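Reproduced below: final_27.txt, with compact mmCIF, C-alpha atoms and all ligand atoms.
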```txt
# COMPACT_ATOMS: atom_id res chain seq x y z
CA MET E 1 -203.75 -162.90 -7.92
CA LYS E 2 -205.85 -159.77 -7.57
CA LYS E 3 -204.14 -156.75 -9.11
CA LEU E 4 -203.19 -154.18 -6.51
CA ASN E 5 -204.47 -150.68 -7.04
CA ASN E 6 -202.01 -147.98 -7.85
CA LEU E 7 -203.43 -144.64 -6.88
CA LYS E 8 -200.33 -142.50 -7.32
CA ASN E 9 -201.64 -141.00 -10.49
CA PRO E 10 -205.36 -141.47 -10.11
CA LYS E 11 -207.40 -140.96 -13.25
CA ILE E 12 -210.36 -140.43 -11.00
CA GLY E 13 -211.52 -137.02 -10.05
CA ASN E 14 -211.70 -135.17 -13.32
CA GLU E 15 -215.39 -135.34 -14.12
CA ASP E 16 -218.35 -133.78 -12.31
CA PRO E 17 -220.78 -136.08 -10.49
CA GLN E 18 -223.67 -137.58 -12.49
CA LEU E 19 -226.45 -136.81 -10.05
CA GLN E 20 -229.09 -139.55 -10.00
CA LEU E 21 -229.45 -141.01 -6.54
CA LEU E 22 -231.22 -138.12 -4.80
CA SER E 23 -233.62 -135.34 -5.71
CA ASN E 24 -232.24 -131.92 -6.65
CA ALA E 25 -233.57 -130.53 -3.36
CA GLU E 26 -231.64 -133.20 -1.44
CA TYR E 27 -228.43 -132.45 -3.33
CA ILE E 28 -228.84 -128.75 -2.52
CA VAL E 29 -229.08 -129.66 1.18
CA LEU E 30 -225.84 -131.65 0.85
CA LEU E 31 -224.18 -128.77 -1.00
CA LYS E 32 -225.11 -126.40 1.84
CA LYS E 33 -223.76 -128.88 4.38
CA MET E 34 -220.44 -129.05 2.53
CA ILE E 35 -220.27 -125.24 2.31
CA THR E 36 -221.01 -125.02 6.05
CA ILE E 37 -218.18 -127.40 6.91
CA ARG E 38 -215.81 -125.60 4.52
CA ILE E 39 -216.60 -122.13 5.89
CA ALA E 40 -216.44 -123.35 9.51
CA GLU E 41 -212.95 -124.70 8.87
CA GLU E 42 -211.91 -121.52 7.04
CA ILE E 43 -213.00 -119.47 10.06
CA ILE E 44 -211.04 -121.85 12.31
CA SER E 45 -208.02 -121.55 9.99
CA ASP E 46 -208.11 -117.73 10.07
CA ASN E 47 -208.33 -117.71 13.84
CA VAL E 48 -205.52 -120.22 14.27
CA LYS E 49 -203.45 -117.85 12.14
CA SER E 50 -204.45 -114.81 14.21
CA GLY E 51 -203.55 -116.67 17.42
CA LEU E 52 -207.05 -116.47 18.91
CA ILE E 53 -207.38 -120.26 18.72
CA LYS E 54 -204.67 -121.91 20.79
CA CYS E 55 -205.33 -125.63 20.33
CA PRO E 56 -203.85 -127.57 17.39
CA CYS E 57 -206.42 -127.91 14.59
CA HIS E 58 -206.21 -130.47 11.79
CA LEU E 59 -208.32 -129.18 8.93
CA ALA E 60 -210.01 -131.40 6.35
CA ILE E 61 -210.62 -128.71 3.74
CA GLY E 62 -211.09 -130.61 0.45
CA GLN E 63 -212.38 -133.81 2.10
CA GLU E 64 -215.98 -132.70 2.85
CA ALA E 65 -217.83 -134.98 0.42
CA ILE E 66 -216.98 -138.14 2.37
CA PRO E 67 -218.67 -137.49 5.73
CA VAL E 68 -221.52 -135.52 4.15
CA ALA E 69 -222.39 -138.44 1.85
CA MET E 70 -221.90 -141.08 4.57
CA SER E 71 -224.15 -139.22 7.00
CA GLN E 72 -227.00 -139.24 4.48
CA PHE E 73 -227.74 -142.89 5.32
CA LEU E 74 -226.92 -142.93 9.05
CA HIS E 75 -229.37 -142.76 11.98
CA SER E 76 -228.91 -141.17 15.38
CA ASP E 77 -228.64 -144.60 17.06
CA ASP E 78 -225.74 -145.58 14.79
CA ARG E 79 -222.29 -144.80 16.19
CA VAL E 80 -219.60 -142.88 14.33
CA TYR E 81 -216.01 -142.57 15.56
CA GLY E 82 -213.51 -140.05 14.29
CA ASN E 83 -209.86 -139.17 14.65
CA HIS E 84 -207.63 -136.10 14.94
CA ARG E 85 -209.19 -134.60 11.74
CA SER E 86 -212.86 -134.88 12.61
CA HIS E 87 -214.54 -131.47 12.36
CA GLY E 88 -216.33 -132.62 9.18
CA HIS E 89 -217.22 -136.02 10.66
CA TYR E 90 -218.85 -134.26 13.61
CA LEU E 91 -220.54 -131.47 11.67
CA SER E 92 -221.94 -133.77 8.99
CA LEU E 93 -224.02 -135.47 11.70
CA THR E 94 -224.76 -132.58 14.01
CA MET E 95 -224.38 -129.32 12.03
CA ASP E 96 -223.43 -127.93 15.45
CA THR E 97 -221.00 -125.26 14.26
CA TYR E 98 -221.54 -123.24 17.43
CA GLY E 99 -220.62 -126.15 19.73
CA LEU E 100 -217.53 -126.86 17.62
CA PHE E 101 -216.30 -123.25 17.66
CA ALA E 102 -216.88 -122.96 21.39
CA GLU E 103 -215.07 -126.26 21.98
CA ILE E 104 -212.03 -125.21 19.98
CA LEU E 105 -211.96 -121.92 21.90
CA GLY E 106 -212.08 -123.89 25.18
CA LYS E 107 -215.47 -122.46 26.26
CA GLU E 108 -217.98 -124.18 28.53
CA THR E 109 -220.60 -124.00 25.74
CA GLY E 110 -218.44 -126.31 23.62
CA CYS E 111 -219.59 -129.77 22.58
CA SER E 112 -217.16 -131.27 25.12
CA LYS E 113 -217.77 -128.46 27.61
CA GLY E 114 -214.56 -126.76 26.53
CA MET E 115 -212.37 -129.48 28.02
CA GLY E 116 -211.35 -131.29 24.86
CA GLY E 117 -210.56 -128.94 22.01
CA SER E 118 -210.42 -129.78 18.31
CA MET E 119 -209.38 -133.42 18.76
CA HIS E 120 -211.78 -134.48 21.55
CA ILE E 121 -215.22 -133.74 20.17
CA VAL E 122 -218.36 -135.66 20.94
CA GLY E 123 -222.02 -135.59 19.90
CA GLU E 124 -223.48 -138.69 21.52
CA SER E 125 -227.16 -137.80 20.94
CA GLN E 126 -226.62 -137.41 17.19
CA GLY E 127 -224.51 -140.54 16.86
CA PHE E 128 -221.00 -139.09 17.03
CA GLY E 129 -219.28 -141.34 19.56
CA GLY E 130 -216.15 -139.22 19.70
CA SER E 131 -212.73 -138.41 18.34
CA VAL E 132 -209.28 -138.67 19.90
CA PRO E 133 -205.79 -137.60 18.78
CA ILE E 134 -204.17 -141.00 19.29
CA VAL E 135 -203.95 -142.37 15.75
CA SER E 136 -206.03 -145.60 15.39
CA ALA E 137 -207.38 -145.48 18.97
CA THR E 138 -211.05 -145.24 18.01
CA ILE E 139 -210.97 -148.14 15.54
CA PRO E 140 -211.20 -150.94 18.14
CA VAL E 141 -213.83 -148.87 19.95
CA ALA E 142 -215.90 -148.81 16.74
CA VAL E 143 -215.47 -152.59 16.44
CA GLY E 144 -216.55 -152.99 20.08
CA ALA E 145 -219.65 -150.90 19.35
CA GLY E 146 -220.35 -153.13 16.34
CA LEU E 147 -220.05 -156.22 18.56
CA ALA E 148 -222.48 -154.73 21.09
CA MET E 149 -224.92 -153.91 18.27
CA LYS E 150 -224.72 -157.45 16.97
CA LEU E 151 -225.16 -159.04 20.40
CA SER E 152 -228.14 -156.82 21.22
CA LYS E 153 -229.69 -157.70 17.82
CA SER E 154 -230.20 -154.03 16.99
CA GLN E 155 -230.18 -152.76 13.41
CA SER E 156 -227.56 -150.11 14.18
CA VAL E 157 -224.20 -149.81 12.49
CA SER E 158 -220.82 -148.52 13.58
CA VAL E 159 -218.59 -146.30 11.43
CA SER E 160 -214.86 -145.78 11.84
CA TYR E 161 -213.12 -142.93 10.01
CA PHE E 162 -209.33 -143.04 9.73
CA GLY E 163 -206.51 -142.06 7.39
CA ASP E 164 -204.02 -143.90 5.20
CA GLY E 165 -201.25 -143.35 7.77
CA THR E 166 -203.36 -145.05 10.41
CA SER E 167 -203.17 -148.33 8.47
CA GLU E 168 -199.58 -148.53 9.72
CA GLU E 169 -200.81 -149.19 13.27
CA GLY E 170 -201.12 -152.84 14.33
CA VAL E 171 -204.48 -152.40 16.01
CA VAL E 172 -206.09 -151.63 12.64
CA HIS E 173 -205.28 -155.16 11.46
CA GLU E 174 -206.49 -156.70 14.73
CA SER E 175 -209.73 -154.73 14.36
CA LEU E 176 -210.25 -155.83 10.75
CA ASN E 177 -209.67 -159.42 11.79
CA ILE E 178 -212.23 -159.30 14.61
CA ALA E 179 -214.82 -157.47 12.48
CA SER E 180 -214.38 -160.04 9.74
CA TYR E 181 -214.35 -163.12 11.96
CA TYR E 182 -217.49 -162.16 13.89
CA ASN E 183 -219.23 -160.51 10.91
CA LEU E 184 -219.72 -157.22 12.69
CA PRO E 185 -221.76 -154.31 11.30
CA VAL E 186 -218.79 -151.96 11.03
CA ILE E 187 -218.03 -149.67 8.10
CA PHE E 188 -214.35 -148.80 7.92
CA VAL E 189 -213.88 -145.54 6.04
CA CYS E 190 -210.28 -144.87 5.11
CA GLU E 191 -209.81 -141.31 3.87
CA ASN E 192 -206.70 -141.85 1.78
CA ASN E 193 -205.22 -138.37 1.31
CA PHE E 194 -201.76 -139.84 0.63
CA PHE E 195 -200.14 -138.17 3.65
CA SER E 196 -199.27 -139.13 7.19
CA SER E 197 -198.17 -135.79 8.64
CA HIS E 198 -195.40 -134.70 6.25
CA MET E 199 -194.70 -138.11 4.68
CA HIS E 200 -196.20 -139.11 1.35
CA ILE E 201 -197.47 -142.69 1.13
CA SER E 202 -194.78 -143.54 -1.46
CA GLU E 203 -192.19 -142.93 1.28
CA ARG E 204 -193.99 -145.23 3.72
CA GLN E 205 -195.66 -148.16 1.95
CA LYS E 206 -194.86 -150.40 -0.98
CA PHE E 207 -198.38 -149.97 -2.42
CA ASP E 208 -200.62 -146.99 -2.03
CA SER E 209 -204.04 -148.60 -1.82
CA ILE E 210 -205.09 -149.34 1.72
CA SER E 211 -208.00 -151.61 0.72
CA ARG E 212 -205.53 -154.47 0.28
CA PHE E 213 -205.62 -154.87 4.06
CA ALA E 214 -209.40 -155.41 3.93
CA ASP E 215 -208.94 -157.93 1.11
CA ALA E 216 -206.50 -159.84 3.34
CA HIS E 217 -209.27 -160.29 5.91
CA GLY E 218 -211.98 -161.16 3.39
CA ILE E 219 -213.82 -157.89 3.97
CA GLU E 220 -215.67 -156.50 0.95
CA SER E 221 -214.10 -153.24 -0.13
CA ALA E 222 -214.42 -150.43 -2.65
CA VAL E 223 -211.82 -147.90 -3.74
CA ILE E 224 -213.61 -144.73 -4.76
CA ASP E 225 -213.16 -141.10 -5.71
CA GLY E 226 -213.80 -139.45 -2.35
CA ASN E 227 -214.19 -136.03 -3.96
CA ASN E 228 -217.18 -137.11 -6.05
CA ILE E 229 -220.22 -136.97 -3.80
CA GLU E 230 -222.32 -139.22 -6.04
CA THR E 231 -219.73 -142.01 -5.88
CA VAL E 232 -219.48 -141.70 -2.12
CA LEU E 233 -223.28 -141.72 -1.77
CA ASP E 234 -223.57 -144.81 -3.94
CA THR E 235 -220.87 -146.75 -2.08
CA SER E 236 -221.84 -145.63 1.40
CA LYS E 237 -225.45 -146.64 0.75
CA LYS E 238 -224.29 -150.14 -0.25
CA ALA E 239 -221.87 -150.39 2.67
CA ILE E 240 -224.38 -149.21 5.26
CA GLN E 241 -227.07 -151.54 3.87
CA ALA E 242 -224.66 -154.49 4.02
CA ALA E 243 -223.85 -153.67 7.64
CA ARG E 244 -227.44 -152.91 8.65
CA LEU E 245 -229.24 -155.77 6.91
CA GLN E 246 -226.65 -158.50 6.45
CA ARG E 247 -224.66 -157.64 9.61
CA LYS E 248 -221.27 -157.68 7.91
CA PRO E 249 -218.34 -155.28 7.68
CA PHE E 250 -217.43 -153.18 4.66
CA PHE E 251 -214.28 -151.20 3.87
CA ILE E 252 -214.46 -147.97 1.89
CA GLU E 253 -211.23 -146.43 0.68
CA ALA E 254 -212.11 -142.89 -0.35
CA VAL E 255 -209.30 -141.25 -2.28
CA THR E 256 -209.11 -137.58 -1.45
CA TYR E 257 -206.69 -134.79 -0.65
CA ARG E 258 -206.30 -132.26 2.10
CA LEU E 259 -205.76 -128.82 0.71
CA LYS E 260 -204.22 -127.54 3.95
CA GLY E 261 -201.12 -128.84 5.69
CA HIS E 262 -201.20 -131.53 8.35
CA VAL E 263 -201.98 -129.16 11.20
CA GLY E 264 -202.84 -125.47 11.35
CA HIS E 265 -203.68 -122.90 8.73
CA ASP E 266 -200.69 -123.30 6.43
CA ASP E 267 -200.54 -124.95 2.99
CA ASN E 268 -197.18 -126.54 3.92
CA VAL E 269 -197.28 -130.30 4.33
CA ASP E 270 -196.12 -130.06 7.96
CA VAL E 271 -193.31 -128.73 10.15
CA GLY E 272 -192.59 -126.04 7.55
CA LEU E 273 -191.95 -128.52 4.73
CA GLN E 274 -193.20 -127.36 1.34
CA ARG E 275 -195.26 -129.75 -0.78
CA LYS E 276 -193.31 -131.56 -3.45
CA GLU E 277 -196.28 -131.82 -5.77
CA ASP E 278 -198.58 -129.20 -7.16
CA LEU E 279 -201.78 -128.39 -5.33
CA GLU E 280 -203.49 -127.10 -8.46
CA PRO E 281 -204.67 -130.46 -9.93
CA TRP E 282 -206.30 -131.28 -6.59
CA LYS E 283 -207.91 -127.87 -6.34
CA ARG E 284 -209.60 -128.67 -9.66
CA LYS E 285 -211.07 -131.79 -8.03
CA ASP E 286 -212.63 -129.74 -5.22
CA PRO E 287 -215.75 -131.69 -4.16
CA ILE E 288 -217.81 -128.55 -3.57
CA ASP E 289 -217.09 -127.09 -7.00
CA ARG E 290 -217.87 -130.42 -8.64
CA LEU E 291 -221.27 -130.72 -6.97
CA LYS E 292 -221.99 -127.06 -7.70
CA ASN E 293 -221.13 -127.56 -11.42
CA SER E 294 -223.40 -130.60 -11.64
CA LEU E 295 -226.30 -128.75 -10.08
CA ILE E 296 -225.77 -125.77 -12.38
CA SER E 297 -225.68 -128.06 -15.42
CA LYS E 298 -229.05 -129.49 -14.30
CA SER E 299 -230.37 -125.90 -13.85
CA ALA E 300 -231.08 -126.81 -10.22
CA ILE E 301 -229.11 -123.77 -9.01
CA SER E 302 -227.40 -120.78 -10.58
CA GLU E 303 -223.97 -119.31 -9.90
CA SER E 304 -225.63 -116.49 -7.96
CA ASP E 305 -227.58 -119.00 -5.82
CA PHE E 306 -224.24 -120.57 -4.94
CA GLU E 307 -222.80 -117.20 -3.96
CA PHE E 308 -225.93 -116.44 -1.93
CA PHE E 309 -225.59 -119.75 0.00
CA ASN E 310 -221.97 -118.86 0.77
CA THR E 311 -222.84 -115.34 1.94
CA VAL E 312 -225.70 -116.42 4.20
CA ILE E 313 -223.76 -119.31 5.75
CA SER E 314 -220.66 -117.19 6.23
CA GLU E 315 -222.61 -114.44 8.03
CA LYS E 316 -224.28 -116.98 10.34
CA LEU E 317 -221.03 -118.76 11.19
CA ASN E 318 -219.04 -115.57 11.76
CA LYS E 319 -221.73 -114.38 14.21
CA GLU E 320 -221.59 -117.72 16.01
CA PHE E 321 -217.81 -117.57 16.25
CA ASP E 322 -217.91 -114.04 17.72
CA GLN E 323 -220.52 -115.15 20.25
CA ALA E 324 -218.42 -118.20 21.22
CA VAL E 325 -215.40 -115.93 21.76
CA SER E 326 -217.34 -114.03 24.42
CA ASP E 327 -218.62 -117.19 26.17
CA PRO E 328 -217.13 -118.12 29.59
CA TYR E 329 -214.39 -120.69 30.17
CA PRO E 330 -215.29 -123.71 32.34
CA GLN E 331 -214.68 -123.35 36.08
CA LYS E 332 -212.13 -125.42 38.01
CA GLN E 333 -214.88 -127.17 39.99
CA GLN E 334 -216.35 -128.51 36.70
CA LEU E 335 -213.16 -130.44 35.93
CA LEU E 336 -214.27 -133.77 37.42
CA GLU E 337 -217.96 -133.52 36.50
CA THR E 338 -217.47 -135.26 33.17
CA VAL E 339 -214.87 -137.79 34.30
CA TYR E 340 -216.05 -141.33 34.97
CA TYR E 341 -214.14 -143.26 37.62
CA LYS E 342 -214.87 -146.05 40.06
C1 LIG G 1 -200.29 -143.48 18.04
C2 LIG G 1 -199.90 -142.20 17.38
N1 LIG G 1 -198.79 -142.15 16.62
C3 LIG G 1 -198.43 -140.99 16.01
C4 LIG G 1 -199.18 -139.86 16.18
C5 LIG G 1 -198.80 -138.56 15.46
N2 LIG G 1 -199.71 -138.33 14.36
C6 LIG G 1 -200.78 -137.54 14.46
S1 LIG G 1 -201.69 -137.49 13.05
C7 LIG G 1 -200.59 -138.49 12.26
C8 LIG G 1 -200.79 -138.83 10.81
C9 LIG G 1 -201.99 -139.64 10.54
O1 LIG G 1 -202.14 -139.79 9.15
P1 LIG G 1 -203.46 -140.34 8.55
O2 LIG G 1 -203.94 -141.49 9.33
O3 LIG G 1 -203.21 -140.58 7.11
O4 LIG G 1 -204.51 -139.16 8.75
P2 LIG G 1 -204.51 -137.69 8.09
O5 LIG G 1 -203.76 -136.81 9.04
O6 LIG G 1 -203.89 -137.76 6.76
O7 LIG G 1 -205.95 -137.31 8.04
C10 LIG G 1 -199.56 -138.88 13.09
C11 LIG G 1 -198.46 -139.77 12.70
C12 LIG G 1 -200.33 -139.94 17.00
N3 LIG G 1 -201.12 -138.90 17.21
N4 LIG G 1 -200.68 -141.11 17.57
MG MG G 2 -203.52 -139.35 5.47
```
Could you quickly redo this structure as structure tokens?
Amino acid sequence: MKKLNNLKNPKIGNEDPQLQLLSNAEYIVLLKKMITIRIAEEIISDNVKSGLIKCPCHLAIGQEAIPVAMSQFLHSDDRVYGNHRSHGHYLSLTMDTYGLFAEILGKETGCSKGMGGSMHIVGESQGFGGSVPIVSATIPVAVGAGLAMKLSKSQSVSVSYFGDGTSEEGVVHESLNIASYYNLPVIFVCENNFFSSHMHISERQKFDSISRFADAHGIESAVIDGNNIETVLDTSKKAIQAARLQRKPFFIEAVTYRLKGHVGHDDNVDVGLQRKEDLEPWKRKDPIDRLKNSLISKSAISESDFEFFNTVISEKLNKEFDQAVSDPYPQKQQLLETVYYK
């Protein structure tokens, strides 16, 4: 019998990435993408705290390496589906920080015309099929997209991002079964951050590795350090190639950690509950710091380059946020313009 993974005390995550897959210039682009996502979410966090942002925001600070690495091998005619914590999923494909800010502020310049907020974001032209707050709801949609891709004999692939808590929904297992049975080009990406709202995985499941559900359906899987961009690049390349060329599903379990609470700006786990464990070990596994350290050790960047990237990106994003604040709200007559009905 295959030994089940035990991730409770992962040894992974203590070393910096060994950068070999891409050129230094490409890694610097990825570093800037991760910084952009991080700073965008920090701006959102500050403005949730100040009360300017009214809609609930689930931040993925600490999880940036996963979507940034995945997006490296995706095309605009692939389809990516997110969940309630999808700012990074969206930005990694679109880099549309302005559209995200405006959306979260409820402005008509938002990526969903200001009618969705943080959990209903869409970027169809760049391959982001959408996110919804209902846990697991986009997974069968991603499988349906994979079926359509297979039937139309295209080379496109479908990607479904979800969390460890989502694996407790029945539809996940139905989706894995269908993807496996019909050999669909779907990449399931489970971001295992050990929490479902305020509950740690040890309070919810007998084992803490979600990939066992893929094994049960005969879907090839990999359990990886989701905070090491090189590992995510390597695995996502393999997974996307398997889906694109061999038309078969793949399951990536990327072990990671969210440095903020479940929802909002706070470090609490959720509903005011303090974390039982220490944040510090996970802060030392910060994916941005680890990529930065690797690039510095290769003399590809210096510490002051890193600070410069942060300053420039921060200035740009703060300007965008201020502009989005002054944008108009949608009008009542626009309400039905984006609704499809027969
Ligand atoms: C069907 C459904 N059940 C419950 C919820 C409440 N809820 C929102 S997020 C969440 C936790 C999801 O955890 P996980 O899938 O691990 O994602 P994470 O928040 O850790 O990124 C829950 C239970 C919901 N939105 N939808
Ligand atoms: Mg989780």
#### Entry: Nearby polymer residues, ligand MG 2 (chain G), at most 9 Å, only C-alpha atoms and all ligand atoms, as a list in words
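Checking only C-alpha atoms and all ligand atoms against ligand MG 2 (chain G) at 9 Å gives Phe162, Gly163, Asp164, Gly165, Thr166, Cys190, Glu191, Asn192, Asn193, Phe194, Phe195, Ser196, Ser197, Met199, His200, Ile201, Tyr257, Arg258 and His262 of chain E.
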### Task
Step by step: start from the point (-205.2, -124.8, 15.1) in the file's coordinates, keep every protein, DNA or RNA residue that has an atom no farther than 6 Å from it, count only C-alpha atoms, and write the set as a list of chain:residue names.
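Those residues, ordered by chain and then number, are E:Val48, E:Cys55, E:Pro56, E:Cys57, E:Gly264.
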#### Entry: atom CA of E:Tyr90 to atom CA of E:Ala102, straight-line distance in Å
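Spanning atom CA of E:Ala102 to atom CA of E:Tyr90 is a straight-line distance of 13.9 Å.
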Residue neighbourhood stretch 237-252 of chain E, 7 Å, all atoms listed in the file, exclusion window fewer than 6 positions, as a tab-separated table (two decimals) with C-alpha atoms, keeping the file's coordinate frame:
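This went into selection.tsv:
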```tsv
chain	number	residue	atom	x	y	z
E	73	PHE	CA	-227.74	-142.89	5.32
E	155	GLN	CA	-230.18	-152.76	13.41
E	156	SER	CA	-227.56	-150.11	14.18
E	157	VAL	CA	-224.20	-149.81	12.49
E	179	ALA	CA	-214.82	-157.47	12.48
E	180	SER	CA	-214.38	-160.04	9.74
E	183	ASN	CA	-219.23	-160.51	10.91
E	184	LEU	CA	-219.72	-157.22	12.69
E	185	PRO	CA	-221.76	-154.31	11.30
E	186	VAL	CA	-218.79	-151.96	11.03
E	187	ILE	CA	-218.03	-149.67	8.10
E	188	PHE	CA	-214.35	-148.80	7.92
E	189	VAL	CA	-213.88	-145.54	6.04
E	190	CYS	CA	-210.28	-144.87	5.11
E	214	ALA	CA	-209.40	-155.41	3.93
E	219	ILE	CA	-213.82	-157.89	3.97
E	220	GLU	CA	-215.67	-156.50	0.95
E	221	SER	CA	-214.10	-153.24	-0.13
E	222	ALA	CA	-214.42	-150.43	-2.65
E	223	VAL	CA	-211.82	-147.90	-3.74
```
### Task
Could you please determine the separation between atom CA of E:Leu317 and atom CA of E:Thr97 in Å, to one decimal place?
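These atoms are spaced 7.2 Å apart.
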### Query
So how far away is atom CA of E:His217 from atom CA of E:Asn177, in Å?
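Distance reported for this atom pair: 6.0 Å.
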### Neighbour list for stretch 128-144 of chain E as a PyMOL selection string, cut-off 9 Å, only C-alpha atoms, skip fewer than 3 positions in-chain
chain E and resi 76+78-86+89-90+93-94+118-125+147-149+158-163+165-167+169-172+174-176+178-179+184-188
### Message
Using only C-alpha atoms and all ligand atoms for the distances, tell me which of E:Asp46, E:Asp327, E:Asp270, E:Asp225 is nearest to ligand LIG 1 (chain G).
### Response
E:Asp270
### Query
Using all atoms listed in the file, which residue out of E:Ser112, E:Gln323, E:Asn24, E:Ser50 lies closest to E:Leu291?
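For E:Leu291, the nearest of the given residues is E:Asn24.
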### Task
Give as a PyMOL selection string every residue, naming chains and numbers as the document does, that has an atom within 9 Å of (-216.8, -116.2, 6.8), counting only C-alpha atoms.
chain E and resi 39-40+42-43+310-311+313-318
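Between ligand LIG 1 (chain G) and the candidates E:Gly99, E:Lys49, E:Glu337, E:Ile61, the tightest atom-to-atom separation, counting all atoms listed in the file, involves E:Ile61.
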Centre and edge lengths of an axis-aligned box around all listed atoms of ligand LIG 1 (chain G), with 3 Å added on each side, are to be given in Å to one decimal, as lines of an AutoDock Vina configuration file.
```
center_x = -202.2
center_y = -140.1
center_z = 12.4
size_x = 13.5
size_y = 12.7
size_z = 17.3
```
